[in-house]
file coords.txt (compact mmCIF, C-alpha atoms)
# COMPACT_ATOMS: atom_id res chain seq x y z
CA MET J 1 141.01 149.81 51.24
CA LEU J 2 141.46 151.37 54.67
CA ARG J 3 143.91 153.85 53.18
CA THR J 4 141.37 154.72 50.49
CA LEU J 5 138.76 155.30 53.13
CA LEU J 6 141.02 157.43 55.28
CA HIS J 7 142.05 159.61 52.35
CA SER J 8 138.67 159.91 50.71
CA ARG J 9 136.70 163.12 50.83
CA ARG J 10 133.97 161.26 52.67
CA ARG J 11 136.39 160.16 55.41
CA GLY J 12 134.22 161.57 58.21
CA TRP J 13 131.15 159.82 56.87
CA TRP J 14 132.92 156.45 56.64
CA LEU J 15 134.46 156.75 60.07
CA GLY J 16 131.06 157.63 61.48
CA LEU J 17 129.55 154.56 59.87
CA LEU J 18 132.40 152.46 61.24
CA ALA J 19 131.80 153.82 64.75
CA VAL J 20 128.09 153.03 64.55
CA GLY J 21 128.88 149.53 63.27
CA VAL J 22 131.18 148.85 66.20
CA SER J 23 129.11 150.47 68.93
CA LEU J 24 125.69 149.13 67.97
CA PRO J 25 126.33 145.49 68.94
CA LEU J 26 128.21 146.70 72.01
CA GLY J 27 125.28 148.86 72.99
CA VAL J 28 122.86 146.01 72.52
CA ARG J 29 125.02 143.84 74.73
CA LEU J 30 125.21 146.52 77.41
CA ALA J 31 121.49 147.14 77.24
CA GLY J 32 121.08 143.51 78.25
CA ASP J 33 122.94 144.33 81.42
CA CYS J 34 120.61 145.84 84.03
CA GLU J 35 123.16 148.42 85.10
CA TRP J 36 122.80 150.15 81.77
CA ARG J 37 119.05 150.62 81.90
CA TRP J 38 118.48 154.37 81.87
CA TRP J 39 115.06 153.95 83.44
CA ARG J 40 115.48 153.23 87.15
CA PHE J 41 112.28 151.20 87.37
CA GLY J 42 113.28 149.20 84.29
CA ARG J 43 116.68 148.55 85.84
CA ASP J 44 114.99 147.28 89.01
CA LEU J 45 112.68 144.94 87.07
CA CYS J 46 115.70 143.66 85.12
CA LEU J 47 117.62 143.03 88.35
CA ALA J 48 114.61 141.21 89.81
CA GLU J 49 114.70 138.80 86.87
CA ARG J 50 118.40 138.22 87.47
CA VAL J 51 117.75 137.50 91.15
CA ALA J 52 115.21 134.86 90.14
CA GLY J 53 117.88 133.09 88.12
CA ILE J 54 120.30 132.68 91.02
CA PRO J 55 120.52 129.02 92.12
CA ALA J 56 119.53 127.78 95.60
CA ASP J 57 123.11 127.15 96.69
CA ARG J 58 124.04 130.82 96.29
CA PRO J 59 121.73 132.75 98.64
CA GLN J 60 124.52 135.22 99.37
CA ASP J 61 124.47 136.24 95.69
CA ALA J 62 120.70 136.71 95.90
CA VAL J 63 121.20 138.92 98.96
CA ALA J 64 123.86 141.00 97.23
CA LEU J 65 121.96 141.45 93.98
CA ALA J 66 118.53 142.03 95.53
CA GLY J 67 120.11 144.65 97.75
CA THR J 68 120.86 146.76 94.69
CA ILE J 69 117.18 147.01 93.70
CA GLU J 70 116.00 150.48 94.66
CA ASP J 71 112.20 150.10 94.56
CA ASP J 72 111.21 148.39 97.81
CA ILE J 73 108.20 146.60 96.29
CA VAL J 74 110.19 145.25 93.32
CA ARG J 75 112.94 144.25 95.75
CA GLY J 76 110.45 142.54 98.07
CA ALA J 77 108.83 140.73 95.16
CA ALA J 78 112.24 139.56 93.92
CA VAL J 79 113.17 138.24 97.36
CA ASP J 80 109.78 136.57 97.76
CA ARG J 81 110.07 134.91 94.35
CA TRP J 82 113.54 133.57 95.09
CA LEU J 83 112.48 132.28 98.49
CA ARG J 84 109.37 130.62 97.07
CA ALA J 85 111.53 128.76 94.59
CA HIS J 86 114.38 127.88 96.94
CA ARG J 87 113.47 128.31 100.60
CA ALA J 88 113.11 124.58 101.22
CA SER J 89 116.57 123.86 99.87
CA ALA J 90 118.55 127.02 100.59
CA ALA J 91 120.82 127.10 103.64
CA LEU J 92 118.78 128.84 106.32
CA PRO J 93 121.45 131.07 107.90
CA ALA J 94 122.61 132.32 104.53
CA ALA J 95 119.07 132.94 103.27
CA ARG J 96 117.82 134.74 106.38
CA PRO J 97 119.35 138.14 105.46
CA LEU J 98 117.04 138.18 102.43
CA CYS J 99 114.16 138.92 104.80
CA ASP J 100 115.92 142.14 105.85
CA LEU J 101 115.50 143.35 102.28
CA VAL J 102 111.70 143.21 102.15
CA PRO J 103 109.47 146.10 103.30
CA PRO J 104 109.26 146.32 107.11
CA SER J 105 105.61 145.21 107.14
CA GLU J 106 106.57 141.90 105.48
CA ARG J 107 109.76 141.07 107.39
CA GLN J 108 108.20 138.98 110.13
CA ALA J 109 106.14 136.96 107.67
CA CYS J 110 109.20 136.41 105.50
CA GLY J 111 111.17 135.02 108.44
CA ARG J 112 108.35 132.75 109.57
CA ARG J 113 107.89 131.35 106.08
CA LEU J 114 111.56 130.59 105.87
CA GLU J 115 111.50 128.79 109.22
CA ALA J 116 108.29 126.93 108.33
CA ALA J 117 109.79 125.66 105.09
CA HIS J 118 112.66 124.17 107.03
CA LEU J 119 110.30 122.55 109.53
CA GLN J 120 108.55 120.81 106.67
CA ARG J 121 111.74 119.32 105.26
CA MET R 1 95.30 135.65 78.98
CA ARG R 2 94.62 134.94 82.62
CA ALA R 3 97.05 137.65 83.67
CA THR R 4 95.42 140.08 81.26
CA ALA R 5 91.99 139.31 82.65
CA ARG R 6 93.27 139.73 86.18
CA SER R 7 94.97 143.00 85.32
CA GLY R 8 91.85 144.23 83.63
CA ALA R 9 89.85 143.45 86.73
CA LEU R 10 92.42 145.24 88.87
CA ALA R 11 92.33 148.24 86.60
CA ALA R 12 88.55 148.25 86.95
CA LEU R 13 88.91 148.09 90.72
CA ILE R 14 91.41 150.92 90.78
CA ALA R 15 89.15 152.94 88.53
CA GLY R 16 86.36 152.50 91.04
CA CYS R 17 84.20 150.09 89.06
CA GLY R 18 84.63 147.11 91.41
CA ALA R 19 81.86 145.52 93.41
CA GLU R 20 83.69 146.24 96.70
CA PRO R 21 84.09 150.03 97.11
CA PRO R 22 86.95 150.01 99.65
CA VAL R 23 89.25 147.90 97.46
CA PRO R 24 90.24 150.62 94.99
CA ARG R 25 91.53 152.69 97.89
CA LEU R 26 93.72 149.79 99.00
CA ALA R 27 94.98 148.93 95.52
CA GLU R 28 95.72 152.50 94.45
CA PRO R 29 99.40 152.60 95.56
CA CYS R 30 100.03 149.56 93.36
CA ALA R 31 98.86 151.13 90.10
CA ALA R 32 102.46 151.95 89.10
CA TYR R 33 103.51 148.30 88.82
CA PRO R 34 103.30 146.41 85.55
CA GLU R 35 100.14 144.44 84.95
CA GLY R 36 100.46 140.75 85.70
CA SER R 37 103.86 141.22 87.37
CA ASP R 38 105.15 139.73 90.61
CA ALA R 39 105.70 143.28 91.82
CA LEU R 40 102.00 144.13 91.42
CA ALA R 41 100.90 140.99 93.29
CA TYR R 42 103.47 141.61 96.01
CA CYS R 43 102.36 145.21 96.30
CA LEU R 44 98.79 144.06 96.94
CA VAL R 45 100.11 141.86 99.77
CA THR R 46 101.80 144.87 101.35
CA GLN R 47 98.56 146.86 101.13
CA VAL R 48 96.35 144.20 102.74
CA HIS R 49 97.49 145.35 106.18
CA ARG R 50 95.26 148.38 105.66
CA ALA R 51 92.14 146.28 105.13
CA ALA R 52 89.50 146.64 107.83
CA THR R 53 87.26 143.65 107.16
CA VAL R 54 87.43 140.04 106.00
CA ALA R 55 85.45 141.04 102.91
CA GLU R 56 88.07 143.65 101.97
CA VAL R 57 90.82 141.09 102.45
CA GLU R 58 89.08 138.54 100.25
CA ALA R 59 88.40 141.13 97.55
CA LEU R 60 91.95 142.48 97.48
CA CYS R 61 93.75 139.15 97.80
CA ALA R 62 91.65 137.65 95.00
CA HIS R 63 93.73 139.84 92.67
CA ALA R 64 97.10 138.79 94.06
CA GLY R 65 97.34 135.66 91.90
CA ASP R 66 99.96 133.24 93.23
CA HIS R 67 100.34 135.50 96.25
CA GLU R 68 96.72 135.13 97.36
CA ALA R 69 97.50 132.77 100.23
CA ALA R 70 100.38 134.95 101.43
CA CYS R 71 98.10 137.97 101.14
CA ARG R 72 95.51 136.38 103.42
CA THR R 73 98.21 135.16 105.82
CA ALA R 74 99.61 138.68 106.10
CA TRP R 75 96.29 140.07 107.30
CA VAL R 76 95.54 137.12 109.58
CA GLY R 77 98.98 137.61 111.15
CA ASP R 78 97.96 141.17 112.08
CA HIS R 79 94.70 140.03 113.68
CA ALA R 80 95.48 136.56 115.04
CA ARG R 81 95.91 137.68 118.63
CA GLY R 82 92.62 139.53 118.86
CA ASP R 83 89.10 138.16 119.17
CA ASP R 84 87.54 140.02 116.25
CA PRO R 85 87.38 138.31 113.82
CA SER R 86 86.99 135.09 115.76
CA PRO R 87 89.65 132.36 115.50
CA GLU R 88 87.17 130.27 113.52
CA ALA R 89 86.68 133.09 110.99
CA LEU R 90 90.44 133.55 110.69
CA LEU R 91 90.93 129.82 110.12
CA ARG R 92 88.37 129.95 107.32
CA LEU R 93 90.10 132.98 105.80
CA CYS R 94 93.50 131.25 105.82
CA ALA R 95 94.60 129.53 102.63
CA GLU R 96 97.81 127.87 103.84
CA ASP R 97 99.12 125.85 106.78
CA VAL R 98 101.42 128.49 108.23
CA CYS R 99 98.46 130.86 108.51
CA ARG R 100 96.33 128.33 110.41
CA PHE R 101 99.33 127.49 112.58
CA ASP R 102 99.55 131.16 113.60
CA VAL R 103 95.86 131.26 114.53
CA LEU R 104 96.10 128.11 116.67
CA GLU R 105 99.26 129.39 118.35
CA ALA R 106 97.54 132.66 119.16
CA HIS R 107 94.45 130.97 120.59
CA PRO R 108 95.64 127.70 122.11
CA SER R 109 93.13 125.58 123.95
CA ALA R 110 94.14 124.70 127.50
CA ASP R 111 92.87 121.20 126.76
CA LEU R 112 95.78 119.36 125.18
CA LEU R 113 93.51 116.93 123.37
CA VAL R 114 91.43 119.71 121.77
CA GLN R 115 94.57 121.54 120.66
CA VAL R 116 96.15 118.38 119.23
CA GLU R 117 92.96 117.63 117.33
CA ALA R 118 92.94 121.15 115.91
CA CYS R 119 96.63 120.92 114.96
CA ALA R 120 96.00 117.68 113.12
CA ARG R 121 92.95 119.07 111.34
CA TRP R 122 94.26 122.46 110.29
CA THR R 123 98.04 122.69 110.07
CA GLY R 124 99.02 119.96 107.60
CA ALA R 125 102.78 119.46 107.47
CA LEU R 126 103.20 121.80 110.44
CA ALA R 127 101.06 119.57 112.70
CA PRO R 128 104.01 117.97 114.55
CA ASP R 129 105.36 121.41 115.42
CA CYS R 130 101.91 122.63 116.44
CA VAL R 131 101.43 119.58 118.66
CA GLY R 132 104.95 120.04 120.05
CA HIS R 133 104.12 123.56 121.19
CA ALA R 134 100.83 122.41 122.74
CA ALA R 135 102.59 119.56 124.54
CA GLN R 136 105.27 121.90 125.84
CA ARG R 137 102.67 124.26 127.32
CA TRP R 138 100.81 121.31 128.85
CA VAL R 139 103.94 119.80 130.44
CA ARG R 140 105.01 123.13 131.91
CA ALA R 141 101.54 123.63 133.43
CA ARG R 142 102.27 120.58 135.62
CA PRO R 143 99.20 118.45 134.83
CA SER R 144 97.61 116.50 137.69
CA ALA R 145 97.54 112.72 137.89
CA ALA R 146 93.89 112.79 136.84
CA GLU R 147 94.70 114.96 133.81
CA ILE R 148 97.56 112.68 132.78
CA GLY R 149 95.27 109.67 133.16
CA ARG R 150 92.59 111.35 131.05
CA VAL R 151 95.05 112.07 128.23
CA VAL R 152 96.48 108.52 128.32
CA ALA R 153 92.99 107.01 128.15
CA ALA R 154 91.70 109.31 125.42
CA GLY R 155 93.76 108.29 122.39
CA GLY R 156 92.94 110.59 119.47
CA ALA R 157 95.16 112.40 116.98
CA GLU R 158 98.97 112.24 116.91
CA PRO R 159 99.13 109.50 119.60
CA ALA R 160 102.93 109.14 119.47
CA LEU R 161 103.51 112.85 120.07
CA VAL R 162 100.95 112.87 122.87
CA ALA R 163 102.66 109.85 124.44
CA VAL R 164 105.92 111.80 124.43
CA ALA R 165 104.14 114.69 126.18
CA VAL R 166 102.76 112.32 128.80
CA GLY R 167 106.24 110.88 129.32
CA GLN R 168 107.67 114.37 129.76
CA ALA R 169 104.93 115.28 132.25
CA LEU R 170 105.78 112.16 134.24
CA GLY R 171 109.51 112.86 134.03
CA CYS R 172 108.82 116.36 135.32
CA GLY R 173 107.30 115.01 138.52
CA GLY R 174 103.81 114.11 137.38
CA GLU R 175 102.07 111.16 138.96
CA GLY R 176 101.18 108.19 136.84
CA ASP R 177 102.71 105.49 134.71
CA CYS R 178 103.46 104.91 131.06
CA ALA R 179 102.07 101.41 131.59
CA GLY R 180 98.64 103.03 131.24
CA TYR R 181 99.14 102.74 127.49
CA ALA R 182 97.73 99.52 126.10
CA ASP R 183 99.79 99.96 122.90
CA PRO R 184 103.36 98.85 123.74
CA ARG R 185 104.81 101.23 121.11
CA LEU R 186 103.18 104.22 122.81
CA ALA R 187 104.22 102.94 126.23
CA ARG R 188 107.80 102.78 125.00
CA GLU R 189 107.65 106.33 123.50
CA CYS R 190 106.24 107.55 126.80
CA ASP R 191 108.90 105.84 128.88
CA VAL R 192 111.82 107.10 126.78
CA ALA R 193 110.47 110.66 127.06
CA ARG R 194 109.92 110.23 130.83
CA ARG R 195 113.56 109.24 131.37
CA GLN R 196 114.87 112.01 129.12
CA ALA R 197 112.79 114.66 130.89
CA ALA R 198 113.92 113.41 134.30
CA ALA R 199 117.52 113.81 133.14
CA THR R 200 116.89 117.25 131.56
CA PRO R 201 115.03 119.44 134.08
CA SER R 202 115.01 122.45 131.71
CA VAL R 203 112.29 120.65 129.72
CA CYS R 204 109.98 121.11 132.72
CA ARG R 205 110.60 124.79 133.40
CA VAL R 206 108.68 127.76 132.04
CA GLY R 207 111.29 129.77 130.20
CA GLY R 208 113.27 126.64 129.39
CA PRO R 209 114.56 125.87 125.91
CA PRO R 210 112.37 127.62 123.35
CA ALA R 211 110.25 125.53 121.04
CA LEU R 212 111.31 125.42 117.43
CA GLY R 213 108.71 126.79 115.05
CA PRO R 214 107.46 129.59 112.85
CA SER R 215 106.03 131.48 115.81
CA ALA R 216 107.08 131.81 119.39
CA ALA R 217 104.83 129.70 121.61
CA ALA R 218 101.97 131.77 122.95
CA GLY R 219 100.78 131.54 126.52
CA VAL R 220 97.82 129.36 127.45
CA ARG R 221 94.66 131.43 127.54
CA SER R 222 92.51 131.40 130.63
CA ASP R 223 89.42 131.22 128.40
CA PRO R 224 90.34 128.46 126.00
CA VAL R 225 88.67 128.24 122.65
CA PRO R 226 86.88 124.90 122.89
CA GLY R 227 87.18 123.88 119.25
CA TYR R 228 87.71 125.08 115.72
CA GLY R 229 84.66 123.99 113.79
CA GLY R 230 83.59 120.60 112.65
CA PRO R 231 85.07 118.41 109.93
CA GLY R 232 84.54 119.84 106.49
CA ASP R 233 84.92 123.44 107.58
CA ARG R 234 88.30 123.59 105.96
call {"tool": "encode", "arguments": {"input": "coords.txt", "output": "structure tokens"}}
result
Amino acid sequence: MLRTLLHSRRRGWWLGLLAVGVSLPLGVRLAGDCEWRWWRFGRDLCLAERVAGIPADRPQDAVALAGTIEDDIVRGAAVDRWLRAHRASAALPAARPLCDLVPPSERQACGRRLEAAHLQR
Amino acid sequence: MRATARSGALAALIAGCGAEPPVPRLAEPCAAYPEGSDALAYCLVTQVHRAATVAEVEALCAHAGDHEAACRTAWVGDHARGDDPSPEALLRLCAEDVCRFDVLEAHPSADLLVQVEACARWTGALAPDCVGHAAQRWVRARPSAAEIGRVVAAGGAEPALVAVAVGQALGCGGEGDCAGYADPRLARECDVARRQAAATPSVCRVGGPPALGPSAAAGVRSDPVPGYGGPGDR
């Protein structure tokens, strides 16, 4: 059948269809990966969702991933969301660098909240 | 539905249809963020620093959803060390313990008993830390025998923590006796702290080991705020 396809007069058409058939699922899969969002803001929002999914025992992963978010508000919101969910259980020294990723006006408050959560444990 | 309603209200504010005219100016930089998103709420928190009045803060933060308390805390943090708004007004504006803790730390009463009462009333789970800071300031101010006697006789909130403070004051050279406590448990707490302080002189010194807590301990004001409103203000 492949030989028939390759030797048919519509070879280009069939090969094109084959390429689309292979690349479409691949493209869908890649579109699910934030790095492949063409829209910078969309990529940042996607990364923020991924940060939210990082478990409490991996604050260093949250730091690394949040650090790749370009928009400072989206990045701050992602950090804040992760800390709200995990600050009472996350290891304090490892989580502290997250506060360096929020906008300068919010850094002090971020640090104090982190400390306060540990006081309440 | 709720998010949609909130976003609609925010859009109205940004468009200038809100009841509070200054709010659209403050919310404007946040118009780019998706309606109902964390980013929009967080953006409003970052903008609250530009608010000039308590009314502006309340109006803006009302649209920050789950971030409303943090929004109020952010503005209170900027103004906690001043006298306008008053500490009482700031305490009423606060919507979480860490915010009230900051206000009490910024305006500590020189009267240990007043400060301990305020800590117990306003700071929830942070009360032990709040009392700890107050006790540390009191001990380092070298209270007189009469002052120690007054505190021992008074009772009041957080008696065990106050007994520890009394013990530390005695261990740091204060005159008096833990036997002044009628409750043997408090007398014991006091005595253990007295012996520990006597063996650890750094406890007694200004500039000794820093207190643990969300804020650095503030200095004792020369014009102490006598109280923070009556019960039910919260």
call {"tool": "closest_residue", "arguments": {"input": "coords.txt", "among": "J:Ala85, J:Ala56, J:Ile69, J:Ala64", "to": "Arg40 (chain J)", "atoms": "all atoms listed in the file"}}
result
J:Ile69
call {"tool": "interface_residues", "arguments": {"input": "coords.txt", "of": "chain J", "to": "chain R", "cutoff": "10 Å", "atoms": "only C-alpha atoms", "output": "ChimeraX atom specification"}}
result
/J:41,45,48,71-78,80-81,103-106,108-121
call {"tool": "atom_distance", "arguments": {"input": "coords.txt", "atom1": "CA of Cys34 (chain J)", "atom2": "CA of Thr68 (chain J)"}}
result
10.7 Å
call {"tool": "atom_distance", "arguments": {"input": "coords.txt", "atom1": "CA of Leu98 (chain J)", "atom2": "CA of Val131 (chain R)"}}
result
29.2 Å
call {"tool": "closest_residue", "arguments": {"input": "coords.txt", "among": "J:Ala88, J:Val63, J:Val102, J:Val79", "to": "Glu49 (chain J)", "atoms": "only C-alpha atoms"}}
result
J:Val79
call {"tool": "axis_aligned_box", "arguments": {"input": "coords.txt", "around": "region 138-153 of chain R", "padding_each_side": "6 Å", "output": "JSON"}}
result
{"center_x": 98.8, "center_y": 115.3, "center_z": 133.0, "size_x": 24.4, "size_y": 28.6, "size_z": 21.7}
